[in-house]
Each structure stands twice: as structure tokens, then as C-alpha cells.
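Participant: The following block contains the structure, expressed as C-alpha cells.
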Amino acid sequence: MKTLKVYPEAEGTRTGYTILYTCPSCMTKSTIVNSSPRDHFKNARIVSCRHCRIRVTVLTPGRGT
Ligand SMILES: [Zn+2]
């Protein structure tokens with residue numbers, strides 16, 4: 001039996017090499033700084049909120065062409 005954990009999702013916005021997102025639990029705005037272009041263009045990533053420490057799936061779909 002497989003248990004796949006699903007975290008709440010937040011829509012991320014790319015700005016330069018950082019991703020902006022708002023935590024769906026505590027509404028804190030956070031940024032993710034990407035260390036490599038390959039990370040930067042992933043469609044989703046799991047991060048922990050600094051404020052409330054829940055895990056969030058941040059979606060950053062596409063590259064905007
Ligand atoms: Zn939070």
C-alpha cells in the first residue's frame with residue numbers, strides 16, 4: 001500500500017531567480033531562492049513555511065514560454 005502525502009498547494013510567482021508564494025495556512029509571504037536554473041524551472045517544489053512550519057507544495061507552472 002502506498003501512502004502519498006499531499007501537501008496544501010500555493011501558487012508561486014517567479015521573479016528573477018526567486019519564487020514568491022503565500023503560505024495557505026498562515027498567509028505569510030515567503031520567497032524561495034533557487035541555487036540552480038534547473039531548480040528554478042521545476043513545475044513544483046515542496047517547501048516548509050518559515051512561520052508555521054507546515055509543508056507546502058509550491059506550483060510554478062511553465063516558464064511563460
Ligand atoms: Zn505558514
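Following the order of the C-alpha cells, chains are lettered A, B, ..., residues in each are numbered from 1, and ligands are numbered from 1.
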Using DSSP on the backbone, list every residue of chain A that comes out as strand (DSSP E or B), and give them as an MDAnalysis selection string.
Facilitator: chainID A and resid 9:11 13:15 18:22 29:33 44:48 55:59
Participant: Thr57 in chain A: which residues within 9 Å, counting only C-alpha atoms, same-chain residues fewer than 6 positions away excluded, as a ChimeraX atom specification?
Facilitator: /A:6-11,44-48
Participant: As a list in words, please: the residues near Lys42 in chain A (cut-off 12 Å, only C-alpha atoms, same-chain neighbours under 6 positions excluded).
Facilitator: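 So, after excluding close chain neighbours, the residues are Gly12, Arg14, Ile19, Asn34, Ser36, Thr57, Val58, Leu59, Thr60, Pro61, Gly62 and Arg63 of chain A.
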Participant: What residues of the protein or nucleic acid chains come within 12 Å of ligand 1 when you use only C-alpha atoms and all ligand atoms? Reply as a ChimeraX atom specification.
Facilitator: /A:8-10,21-31,47-57
Participant: Would you save the residues from that selection as a JSON list (two decimals), in the first residue's frame, using C-alpha atoms?
Facilitator:
[["chain", "number", "residue", "atom", "x", "y", "z"],
["A", 8, "PRO", "CA", -1.55, 22.12, 0.56],
["A", 9, "GLU", "CA", -0.75, 23.92, -2.63],
["A", 10, "ALA", "CA", 0.24, 27.50, -3.20],
["A", 21, "TYR", "CA", 4.49, 32.38, -2.62],
["A", 22, "THR", "CA", 1.93, 32.86, 0.12],
["A", 23, "CYS", "CA", 1.54, 30.16, 2.73],
["A", 24, "PRO", "CA", -2.03, 28.80, 2.52],
["A", 25, "SER", "CA", -2.10, 28.17, 6.25],
["A", 26, "CYS", "CA", -0.81, 31.36, 7.84],
["A", 27, "MET", "CA", -0.83, 33.65, 4.79],
["A", 28, "THR", "CA", 2.79, 34.61, 5.31],
["A", 29, "LYS", "CA", 4.55, 35.67, 2.13],
["A", 30, "SER", "CA", 7.79, 33.84, 1.59],
["A", 31, "THR", "CA", 10.44, 33.55, -1.04],
["A", 47, "VAL", "CA", 8.94, 23.81, 0.94],
["A", 48, "SER", "CA", 8.40, 24.38, 4.65],
["A", 49, "CYS", "CA", 6.82, 27.60, 5.79],
["A", 50, "ARG", "CA", 9.21, 29.57, 7.97],
["A", 51, "HIS", "CA", 6.37, 30.88, 10.05],
["A", 52, "CYS", "CA", 4.03, 27.96, 10.79],
["A", 53, "ARG", "CA", 6.31, 25.16, 9.57],
["A", 54, "ILE", "CA", 3.74, 23.32, 7.51],
["A", 55, "ARG", "CA", 4.89, 21.85, 4.24],
["A", 56, "VAL", "CA", 3.53, 23.46, 1.12],
["A", 57, "THR", "CA", 3.61, 22.37, -2.49]]
Participant: Report, in Å to a single decimal, how far apart CA of Thr18 in chain A and CA of Lys5 in chain A are.
Facilitator: 25.4 Å
